[in-house]
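Colleague: Got a structure for you, questions after.
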Amino acid sequence: MNELLRRTSSPSGPGRAAHPKAYQRRFPLLWWNGNPRYTVYMLREASSVTLAVWLLLMLRQIDHVRKGPEAYAAFVNRLRSPFWLAFNIANLGLAVLHTYTWLSLTAQVLPFPPGLPRPKTEQVHRGLFGAWALISFAVSIPFLFGGFARSRRKS
Amino acid sequence: MSAAFNTRPGSVRMRSHAHEAGAEVWWWGLFAAGGMISALVAPVLMLLQGVAGPVGVPTAAMRHDRMRRVVGNPLLRLALLAFSVFSFIYSGHRTRRYLPDLGIRTKSPIVSQICYGLAILGGLRAAMVMARVPGKQK
């Protein structure tokens, strides 16, 4: 009985995955190549992998703070190499793609409590992108001007 | 008797399914939070740390004394930690969902375990880095 239940449960349930004869369509490895929509989709999904790599790089840079000025300067100099610069520019492009697609989709699927007037998708869109601009500005202040006054006083 | 007993709410069988669904719901929830946080914060950090600084803009991250003052702020470290942890979880979950598109189609739970395991390790790495950063210079 349990075996029967397992084999005939809903398509999205665990039964399907366990079914030995479940149909799985085979795709060519580059199935997304040729249709721009699919290519953008694959790039957007790839942005999650490059984000993790960049996070590790950022953590490594912060970790170098405790290793002293020489080690930190050497690390920062490595970031100036064409390889890391190209990596970071590509990474930035993918991150912006993630942000654009994420915020655009959020504007369409954001749930609102029933009974309240629902704003237009464009209004939510503008609000989200405005929030992105504001947050980017706020985050950039410490990383642009942090320690600036003190370093000028010292020199 | 055992079959009826096994499918009753609260029985071992029911609990195990509820647990699976619960874990999935949590990963999706954390994915949504991480996706939003990384969408709002990651581009500006990437721009300042990886592109603007190396091409010559005098950002704080390019000098040790200035960066030490910036990350010496415990509130900012906490914010960076939260950003890193949520972003790693988002990345792990999205990568797990991405692998079938790359042709890696396996029914084995090892894929989820590797993706979520790496995400958790990334979060632990972030916690370790933030805990070891020296405080503000006197």
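Here's how to read the names in the structure tokens: chain A, B, ... by the order shown, residue numbers from 1 in each chain, ligand numbers from 1 in the order shown.
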Would you tabulate, counting only C-alpha atoms, all residues of chain A that have an atom at most 6 Å from an atom of chain B, showing the closest pair of atoms and their distance in Å to one decimal, sorted by chain then ascending number, as CSV?

Modeller:
```
residue,atom,partner,partner_atom,distance
A:Ser48,CA,B:Ser91,CA,4.7
A:Asp63,CA,B:Val129,CA,5.6
A:Arg66,CA,B:Val133,CA,5.8
A:Pro69,CA,B:His64,CA,5.4
A:Arg80,CA,B:Pro54,CA,4.9
A:Asn88,CA,B:Gly50,CA,5.3
A:Leu92,CA,B:Met46,CA,6.0
A:Ala95,CA,B:Pro43,CA,5.7
A:Thr99,CA,B:Ala39,CA,4.3
A:Trp132,CA,B:Leu40,CA,5.2
A:Ser136,CA,B:Val44,CA,5.6
A:Phe143,CA,B:Ala60,CA,5.2
A:Leu144,CA,B:Thr59,CA,4.7
A:Gly146,CA,B:Val70,CA,5.5
A:Gly147,CA,B:Arg66,CA,4.4
```

Colleague: Chain B: which residues are helix (DSSP H, G or I) by DSSP, as JSON, numbers by chain?

Modeller: {"B": [2, 3, 4, 5, 6, 12, 13, 14, 15, 16, 17, 18, 19, 20, 21, 22, 23, 24, 25, 26, 27, 28, 29, 30, 31, 32, 33, 34, 35, 36, 37, 38, 39, 40, 41, 42, 43, 44, 45, 46, 47, 48, 49, 50, 51, 52, 60, 61, 62, 64, 65, 66, 67, 68, 69, 70, 71, 74, 75, 76, 77, 78, 79, 80, 81, 82, 83, 84, 85, 86, 87, 88, 89, 90, 91, 92, 93, 94, 95, 96, 97, 98, 99, 100, 101, 102, 110, 111, 112, 113, 114, 115, 116, 117, 118, 119, 120, 121, 122, 123, 124, 125, 126, 127, 128, 129, 130, 131, 132]}

Colleague: Using the selection just defined, write its residues with C-alpha atoms as a tab-separated table (two decimals), in the first residue's frame.

Modeller:
```
chain	number	residue	atom	x	y	z
B	2	SER	CA	0.25	0.14	11.79
B	3	ALA	CA	-0.57	1.76	8.43
B	4	ALA	CA	-3.42	3.80	9.90
B	5	PHE	CA	-1.30	4.71	12.85
B	6	ASN	CA	1.57	5.76	10.65
B	12	VAL	CA	6.51	9.59	12.80
B	13	ARG	CA	5.53	9.34	9.13
B	14	MET	CA	3.53	12.59	9.15
B	15	ARG	CA	6.20	14.39	11.08
B	16	SER	CA	8.91	13.37	8.67
B	17	HIS	CA	6.96	14.82	5.71
B	18	ALA	CA	6.14	17.99	7.62
B	19	HIS	CA	9.82	18.31	8.34
B	20	GLU	CA	10.77	18.05	4.66
B	21	ALA	CA	8.20	20.64	3.63
B	22	GLY	CA	9.23	22.86	6.54
B	23	ALA	CA	12.90	22.83	5.58
B	24	GLU	CA	12.05	23.70	1.98
B	25	VAL	CA	9.85	26.59	3.09
B	26	TRP	CA	12.67	27.92	5.28
B	27	TRP	CA	15.23	27.71	2.47
B	28	TRP	CA	12.86	29.56	0.13
B	29	GLY	CA	12.22	32.22	2.79
B	30	LEU	CA	15.93	32.70	3.43
B	31	PHE	CA	16.49	32.74	-0.34
B	32	ALA	CA	13.98	35.57	-0.73
B	33	ALA	CA	15.57	37.57	2.09
B	34	GLY	CA	19.09	36.95	0.79
B	35	GLY	CA	18.10	37.74	-2.79
B	36	MET	CA	16.64	41.09	-1.74
B	37	ILE	CA	19.55	42.02	0.54
B	38	SER	CA	22.17	41.10	-2.04
B	39	ALA	CA	20.22	42.88	-4.80
B	40	LEU	CA	20.16	46.12	-2.80
B	41	VAL	CA	23.68	46.06	-1.30
B	42	ALA	CA	26.03	43.93	-3.44
B	43	PRO	CA	26.37	46.15	-6.56
B	44	VAL	CA	27.55	49.24	-4.68
B	45	LEU	CA	30.01	47.21	-2.58
B	46	MET	CA	31.35	45.49	-5.72
B	47	LEU	CA	31.68	48.83	-7.47
B	48	LEU	CA	33.60	50.46	-4.61
B	49	GLN	CA	35.73	47.47	-3.53
B	50	GLY	CA	36.43	45.73	-6.82
B	51	VAL	CA	36.23	48.34	-9.59
B	52	ALA	CA	36.35	51.99	-8.40
B	60	ALA	CA	38.48	53.52	2.07
B	61	ALA	CA	39.12	49.91	1.01
B	62	MET	CA	42.33	50.88	-0.81
B	64	HIS	CA	44.83	49.89	5.42
B	65	ASP	CA	44.43	52.66	8.01
B	66	ARG	CA	41.12	53.84	6.55
B	67	MET	CA	39.72	50.33	6.06
B	68	ARG	CA	40.69	49.48	9.63
B	69	ARG	CA	38.64	52.41	10.89
B	70	VAL	CA	35.68	51.46	8.70
B	71	VAL	CA	35.51	47.80	9.70
B	74	PRO	CA	31.03	46.91	15.29
B	75	LEU	CA	27.66	47.94	13.84
B	76	LEU	CA	29.06	47.99	10.32
B	77	ARG	CA	30.71	44.61	10.92
B	78	LEU	CA	27.40	43.21	12.09
B	79	ALA	CA	25.67	44.59	8.98
B	80	LEU	CA	28.38	43.08	6.75
B	81	LEU	CA	28.00	39.77	8.56
B	82	ALA	CA	24.23	39.73	8.04
B	83	PHE	CA	24.70	40.69	4.39
B	84	SER	CA	27.26	37.91	3.90
B	85	VAL	CA	25.26	35.18	5.66
B	86	PHE	CA	22.01	35.95	3.82
B	87	SER	CA	23.82	36.29	0.50
B	88	PHE	CA	25.61	32.96	0.94
B	89	ILE	CA	22.31	31.20	1.70
B	90	TYR	CA	20.65	32.87	-1.28
B	91	SER	CA	23.59	31.82	-3.45
B	92	GLY	CA	23.49	28.21	-2.20
B	93	HIS	CA	19.77	27.85	-2.81
B	94	ARG	CA	19.86	29.45	-6.24
B	95	THR	CA	22.87	27.38	-7.27
B	96	ARG	CA	21.05	24.23	-6.18
B	97	ARG	CA	18.11	25.16	-8.41
B	98	TYR	CA	20.53	26.15	-11.21
B	99	LEU	CA	22.44	22.87	-11.45
B	100	PRO	CA	19.66	20.96	-13.33
B	101	ASP	CA	19.80	23.67	-16.03
B	102	LEU	CA	23.50	22.95	-16.42
B	110	ILE	CA	24.06	15.08	-2.04
B	111	VAL	CA	23.60	18.12	-4.34
B	112	SER	CA	21.46	19.94	-1.76
B	113	GLN	CA	23.82	18.91	0.98
B	114	ILE	CA	26.83	20.31	-0.87
B	115	CYS	CA	25.07	23.58	-1.83
B	116	TYR	CA	23.61	24.30	1.60
B	117	GLY	CA	26.72	22.97	3.33
B	118	LEU	CA	28.95	25.38	1.37
B	119	ALA	CA	26.52	28.23	2.11
B	120	ILE	CA	26.68	27.49	5.84
B	121	LEU	CA	30.49	27.23	5.68
B	122	GLY	CA	30.56	30.62	3.93
B	123	GLY	CA	28.44	32.10	6.70
B	124	LEU	CA	30.78	30.64	9.33
B	125	ARG	CA	33.78	32.06	7.45
B	126	ALA	CA	32.11	35.50	7.50
B	127	ALA	CA	31.48	35.21	11.25
B	128	MET	CA	35.12	34.21	11.81
B	129	VAL	CA	36.47	37.12	9.75
B	130	MET	CA	34.23	39.68	11.45
B	131	ALA	CA	35.11	38.36	14.91
B	132	ARG	CA	38.86	38.58	14.27
```

Colleague: Contacts of Ala107 of chain A at 10 Å or less, counting only C-alpha atoms, minus same-chain residues fewer than 3 places along, as a PyMOL selection string?

Modeller: chain A and resi 101-104+110-111+119-129

Colleague: Using the selection just defined, write its residues with C-alpha atoms as a PDB file, in the first residue's frame.

Modeller:
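Just written: part_13.pdb:
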```
ATOM      1  CA  THR A 101      15.601  41.247 -12.593  1.00  0.00           C
ATOM      2  CA  TRP A 102      14.972  40.708  -8.866  1.00  0.00           C
ATOM      3  CA  LEU A 103      13.449  44.135  -8.258  1.00  0.00           C
ATOM      4  CA  SER A 104      11.419  43.998 -11.485  1.00  0.00           C
ATOM      5  CA  LEU A 110       4.736  41.571  -4.112  1.00  0.00           C
ATOM      6  CA  PRO A 111       1.647  40.591  -2.113  1.00  0.00           C
ATOM      7  CA  PRO A 119      -0.577  50.385  -6.189  1.00  0.00           C
ATOM      8  CA  LYS A 120       0.268  50.035  -9.851  1.00  0.00           C
ATOM      9  CA  THR A 121       3.192  47.779 -10.743  1.00  0.00           C
ATOM     10  CA  GLU A 122       5.090  50.799 -12.115  1.00  0.00           C
ATOM     11  CA  GLN A 123       4.716  52.594  -8.773  1.00  0.00           C
ATOM     12  CA  VAL A 124       6.107  49.612  -6.851  1.00  0.00           C
ATOM     13  CA  HIS A 125       8.840  49.386  -9.482  1.00  0.00           C
ATOM     14  CA  ARG A 126       9.820  53.026  -8.946  1.00  0.00           C
ATOM     15  CA  GLY A 127       9.692  52.606  -5.169  1.00  0.00           C
ATOM     16  CA  LEU A 128      11.983  49.571  -5.213  1.00  0.00           C
ATOM     17  CA  PHE A 129      14.504  51.171  -7.563  1.00  0.00           C
TER      18      PHE A 129
END
```

Colleague: Grab the atom CA of Ala71 of chain A to atom CA of Phe87 of chain A distance for me, in Å with one decimal place.

Modeller: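 Result for atom CA of Ala71 of chain A versus atom CA of Phe87 of chain A: 21.5 Å, one decimal.
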
Colleague: Could you tell me how far atom CA of Met42 of chain A sits from atom CA of Gly93 of chain A, in Å to one decimal place?

Modeller: 13.8 Å

Colleague: One number please: atom CA of Leu79 of chain A to atom CA of Gln61 of chain A, in Å, one decimal.

Modeller: 9.8 Å
